[in-house]
Amino acid sequence: MHFRDVAPAEQEKLFIQKLRQCCVLFDFLSDPLSDLKWKEVKRAALSEMVEYINHNRSVITEPIYPEVVHMFTVNMFRGLPPTSNPTGAEFDPEEDEPTLEAAWPHLQLVYEFFLRFLESPDFQPNIAKKYIDQKFVMQLLELFDSEDPRERDFLKTTLHRIYGKFLGLRAYIRKQINNIFYRFIYETEHHNGIAEFLEILGSIINGFALPLKEEHKIFLLKVLLPLHKVKSLSVYHPQLAYCVVQFLEKDSTLTEPVVVALLKYWPKTHSPKEVMFLNELEEILDVIEPSEFVKVMEPLFRQLAKCVSSPHFQVAERALYYWNNEYIMSLISDNAARILPIMFPALYRNSKSHWNKTIHGLIYNALKLFMEMNQKLFDDCTQQFRAEKNKEKAKLKEREEAWMKIESLAKSNPQVSFSRPESPLPVITEGGKHFQVD
């Protein structure tokens, strides 16, 4: 029966009947062809309810709230299917195909209906808070570990709406997401919903009032920054970098601890991860205050000098692209006397020795910009570099001469014999027999 077929006074009753009817669960996994008629009846009822609350006002009455939350709870709060490859290597979101939810034709409509319910102009959080409570939120958060990206996308929007509507749940939601992050960083290193959580947090951080509360600063330093050291960083790095930059735009005094942490977690042997760090560092430099830049520029450019010298051309190339950024160039120009002596040896050495021709061109561009910036300083750095090279050559020559001296002394010593020993050590095989080594 459709809503249009009953009198307005009967519509609330029909709405409750349909919500209860949709609490019946069907098997999509082991027997997809079973109950096809009733599966279609449920799908049609869910679609009809989505349309009903979309196009009608004053239909979300007080008796509807517990029924909607119960229907959502029955359909959604379930054990997630086992991982794609339970006996082999663990699920890798970059390499493996995710396990898609078999019941998605129904689940999608339940999510859509619940979102329309939350977004309705008639929705009253004061009534709903009796049913959408901490326990409900906790169960919702557990679903974020679903391998199905379609489900995680709906969960992200649903949690964001709940965070916006229920002020009393905000601190609890942040705390529980923190706990999930802590477990992910320090225990499991596996969770499918980290990118979605960070996307929600990016929006939440954007709305933080100034001055920032201490708990928010601790969240940045103790949770967001350690997320950089997890091996699956590439899965969520864009969202993480966005959150970090949001914090720095809110409070520039956090720049120094953020840059120091990035340098601490800088990857040593993983070039694609190093390119990610260089991307994030440029985003940070785009919003950095000049007064904060001077506090971090020396360790920062020491790291950049290492990147420019990297034999992995994508790392060297990404670092050298900084010289195409006008704001970064203005910061370098204002502090050239301290930055050029750090960068010059790496640039000059690799302008001749790097194997990749593209890198040669980018290095020449960087050296040219430095020369135009301050010709005298550039000449001084050139002279100093040559003097250091000559000193190194002299040291090397001195070392070689010392070894030659030791060798000639050894040869002239009659007690030292360079002949082979007369009785070589025997070799013992596994069978215990002895053989002489000639």
# chains A, B, ... in the order shown; residues from 1 in each chain; ligands from 1
>>> residues_around(residues="Ala319 (chain A)", least_positions_apart="2", cutoff="10 Å", atoms="only C-alpha atoms", output="list of chain:residue names")
A:Glu274, A:Val275, A:Leu278, A:Asn279, A:Leu281, A:Glu282, A:Gln303, A:Leu304, A:Ala305, A:Lys306, A:Cys307, A:Val308, A:Ser309, A:Ser310, A:Phe313, A:Gln314, A:Val315, A:Ala316, A:Glu317, A:Tyr321, A:Tyr322, A:Trp323, A:Leu362
>>> closest_residue(among="A:Glu51, A:Ile194, A:Ser252, A:Ala261", to="Pro238 (chain A)", atoms="only C-alpha atoms")
A:Ile194
>>> select_by_dssp(residues="region 94-166 of chain A", states="alpha helix (DSSP H)", output="ChimeraX atom specification")
/A:104-119,125-128,134-142,149-165
>>> write_last_selection(atoms="N, CA and C atoms", output="short mmCIF file (atom, residue, chain, number, x, y, z; two decimals), in the first residue's frame")
data_model
loop_
_atom_site.label_atom_id
_atom_site.label_comp_id
_atom_site.auth_asym_id
_atom_site.auth_seq_id
_atom_site.Cartn_x
_atom_site.Cartn_y
_atom_site.Cartn_z
N TRP A 104 24.06 -4.77 -0.45
CA TRP A 104 24.10 -3.33 -0.73
C TRP A 104 22.80 -2.76 -1.33
N PRO A 105 22.04 -3.50 -2.19
CA PRO A 105 20.79 -2.92 -2.72
C PRO A 105 19.85 -2.43 -1.62
N HIS A 106 19.84 -3.12 -0.46
CA HIS A 106 19.02 -2.68 0.67
C HIS A 106 19.77 -1.68 1.55
N LEU A 107 21.03 -1.98 1.84
CA LEU A 107 21.80 -1.11 2.75
C LEU A 107 21.89 0.32 2.22
N GLN A 108 22.10 0.44 0.92
CA GLN A 108 22.22 1.78 0.33
C GLN A 108 20.96 2.61 0.59
N LEU A 109 19.80 1.97 0.41
CA LEU A 109 18.53 2.68 0.62
C LEU A 109 18.31 3.01 2.10
N VAL A 110 18.76 2.13 3.00
CA VAL A 110 18.64 2.42 4.44
C VAL A 110 19.49 3.64 4.78
N TYR A 111 20.72 3.69 4.25
CA TYR A 111 21.59 4.86 4.48
C TYR A 111 20.94 6.13 3.91
N GLU A 112 20.42 6.03 2.68
CA GLU A 112 19.81 7.21 2.04
C GLU A 112 18.62 7.69 2.85
N PHE A 113 17.80 6.75 3.31
CA PHE A 113 16.63 7.13 4.11
C PHE A 113 17.06 7.80 5.41
N PHE A 114 18.04 7.21 6.10
CA PHE A 114 18.47 7.76 7.39
C PHE A 114 19.08 9.16 7.21
N LEU A 115 19.81 9.36 6.11
CA LEU A 115 20.38 10.70 5.85
C LEU A 115 19.28 11.72 5.60
N ARG A 116 18.26 11.33 4.81
CA ARG A 116 17.13 12.26 4.56
C ARG A 116 16.42 12.59 5.87
N PHE A 117 16.32 11.61 6.73
CA PHE A 117 15.71 11.77 8.06
C PHE A 117 16.51 12.81 8.86
N LEU A 118 17.85 12.65 8.92
CA LEU A 118 18.69 13.59 9.68
C LEU A 118 18.68 15.00 9.08
N GLU A 119 18.56 15.07 7.75
CA GLU A 119 18.66 16.37 7.06
C GLU A 119 17.31 17.06 6.91
N PRO A 125 16.68 17.35 16.99
CA PRO A 125 17.71 16.64 17.76
C PRO A 125 17.31 16.39 19.21
N ASN A 126 16.50 17.29 19.79
CA ASN A 126 16.11 17.12 21.19
C ASN A 126 15.30 15.85 21.43
N ILE A 127 14.50 15.48 20.42
CA ILE A 127 13.73 14.22 20.54
C ILE A 127 14.65 13.05 20.19
N ALA A 128 15.44 13.23 19.12
CA ALA A 128 16.28 12.13 18.60
C ALA A 128 17.37 11.71 19.56
N GLN A 134 25.40 7.59 22.74
CA GLN A 134 26.81 7.15 22.64
C GLN A 134 26.93 5.71 22.13
N LYS A 135 26.03 4.85 22.58
CA LYS A 135 26.07 3.44 22.14
C LYS A 135 25.85 3.37 20.62
N PHE A 136 24.89 4.15 20.13
CA PHE A 136 24.59 4.19 18.70
C PHE A 136 25.82 4.65 17.92
N VAL A 137 26.46 5.73 18.41
CA VAL A 137 27.66 6.28 17.74
C VAL A 137 28.78 5.25 17.72
N MET A 138 28.97 4.56 18.85
CA MET A 138 30.05 3.56 18.94
C MET A 138 29.86 2.47 17.88
N GLN A 139 28.61 2.01 17.73
CA GLN A 139 28.34 0.96 16.73
C GLN A 139 28.53 1.50 15.31
N LEU A 140 28.18 2.76 15.11
CA LEU A 140 28.36 3.38 13.79
C LEU A 140 29.85 3.46 13.45
N LEU A 141 30.67 3.85 14.44
CA LEU A 141 32.12 3.97 14.21
C LEU A 141 32.75 2.62 13.85
N GLU A 142 32.23 1.54 14.43
CA GLU A 142 32.79 0.21 14.14
C GLU A 142 32.61 -0.17 12.67
N PRO A 149 34.01 0.59 -0.13
CA PRO A 149 34.15 2.06 -0.13
C PRO A 149 32.82 2.79 -0.23
N ARG A 150 31.80 2.14 -0.82
CA ARG A 150 30.47 2.77 -0.93
C ARG A 150 29.87 2.96 0.46
N GLU A 151 30.04 1.94 1.30
CA GLU A 151 29.50 2.04 2.66
C GLU A 151 30.24 3.10 3.46
N ARG A 152 31.57 3.12 3.34
CA ARG A 152 32.36 4.11 4.11
C ARG A 152 31.99 5.54 3.70
N ASP A 153 31.64 5.72 2.44
CA ASP A 153 31.26 7.06 1.97
C ASP A 153 29.96 7.51 2.63
N PHE A 154 28.98 6.61 2.72
CA PHE A 154 27.72 6.94 3.40
C PHE A 154 27.94 7.15 4.90
N LEU A 155 28.80 6.32 5.49
CA LEU A 155 29.09 6.46 6.93
C LEU A 155 29.71 7.81 7.23
N LYS A 156 30.61 8.24 6.36
CA LYS A 156 31.29 9.53 6.54
C LYS A 156 30.25 10.66 6.59
N THR A 157 29.32 10.65 5.63
CA THR A 157 28.30 11.71 5.60
C THR A 157 27.37 11.60 6.81
N THR A 158 27.00 10.38 7.17
CA THR A 158 26.09 10.17 8.31
C THR A 158 26.71 10.67 9.61
N LEU A 159 27.98 10.29 9.86
CA LEU A 159 28.64 10.72 11.10
C LEU A 159 28.81 12.24 11.12
N HIS A 160 29.11 12.81 9.96
CA HIS A 160 29.27 14.27 9.88
C HIS A 160 27.97 14.98 10.23
N ARG A 161 26.85 14.44 9.74
CA ARG A 161 25.54 15.05 10.06
C ARG A 161 25.24 14.92 11.56
N ILE A 162 25.53 13.75 12.13
CA ILE A 162 25.28 13.55 13.57
C ILE A 162 26.15 14.51 14.37
N TYR A 163 27.42 14.67 13.99
CA TYR A 163 28.32 15.60 14.69
C TYR A 163 27.75 17.02 14.63
N GLY A 164 27.20 17.39 13.48
CA GLY A 164 26.65 18.75 13.33
C GLY A 164 25.38 18.98 14.13
N LYS A 165 24.54 17.94 14.24
CA LYS A 165 23.22 18.11 14.88
C LYS A 165 23.24 17.92 16.40
#
>>> residues_around(residues="region 215-220 of chain A", least_positions_apart="4", cutoff="8 Å", atoms="only C-alpha atoms", output="MDAnalysis selection string")
chainID A and resid 178 224:225 244 247
>>> residues_around(residues="Arg338 (chain A)", least_positions_apart="4", cutoff="12 Å", atoms="only C-alpha atoms", output="PyMOL selection string")
chain A and resi 294-302+331-334+342-344+377-378+381
>>> atom_distance(atom1="CA of Thr269 (chain A)", atom2="CA of Val235 (chain A)")
18.5 Å
>>> decode(residues="region 357-385 of chain A", atoms="C-alpha atoms", output="PDB file, in the first residue's frame")
ATOM      1  CA  LYS A 357      69.193  14.978 -17.373  1.00  0.00           C
ATOM      2  CA  THR A 358      65.894  16.498 -16.145  1.00  0.00           C
ATOM      3  CA  ILE A 359      67.475  16.947 -12.710  1.00  0.00           C
ATOM      4  CA  HIS A 360      70.451  18.750 -14.302  1.00  0.00           C
ATOM      5  CA  GLY A 361      68.066  21.292 -15.855  1.00  0.00           C
ATOM      6  CA  LEU A 362      66.175  21.856 -12.590  1.00  0.00           C
ATOM      7  CA  ILE A 363      69.440  22.249 -10.628  1.00  0.00           C
ATOM      8  CA  TYR A 364      70.772  24.808 -13.119  1.00  0.00           C
ATOM      9  CA  ASN A 365      67.480  26.698 -12.718  1.00  0.00           C
ATOM     10  CA  ALA A 366      67.851  26.688  -8.894  1.00  0.00           C
ATOM     11  CA  LEU A 367      71.512  27.803  -9.072  1.00  0.00           C
ATOM     12  CA  LYS A 368      70.588  30.566 -11.551  1.00  0.00           C
ATOM     13  CA  LEU A 369      67.854  31.844  -9.210  1.00  0.00           C
ATOM     14  CA  PHE A 370      70.313  31.851  -6.281  1.00  0.00           C
ATOM     15  CA  MET A 371      72.855  33.735  -8.400  1.00  0.00           C
ATOM     16  CA  GLU A 372      70.279  36.377  -9.400  1.00  0.00           C
ATOM     17  CA  MET A 373      69.179  36.661  -5.775  1.00  0.00           C
ATOM     18  CA  ASN A 374      72.607  37.559  -4.378  1.00  0.00           C
ATOM     19  CA  GLN A 375      75.615  37.444  -6.731  1.00  0.00           C
ATOM     20  CA  LYS A 376      78.210  38.173  -4.017  1.00  0.00           C
ATOM     21  CA  LEU A 377      76.876  35.469  -1.677  1.00  0.00           C
ATOM     22  CA  PHE A 378      76.773  33.020  -4.591  1.00  0.00           C
ATOM     23  CA  ASP A 379      80.430  33.783  -5.430  1.00  0.00           C
ATOM     24  CA  ASP A 380      81.404  33.382  -1.759  1.00  0.00           C
ATOM     25  CA  CYS A 381      79.661  29.976  -1.624  1.00  0.00           C
ATOM     26  CA  THR A 382      81.417  28.935  -4.852  1.00  0.00           C
ATOM     27  CA  GLN A 383      84.817  29.910  -3.412  1.00  0.00           C
ATOM     28  CA  GLN A 384      84.083  28.165  -0.121  1.00  0.00           C
ATOM     29  CA  PHE A 385      82.920  25.005  -1.933  1.00  0.00           C
TER      30      PHE A 385
END
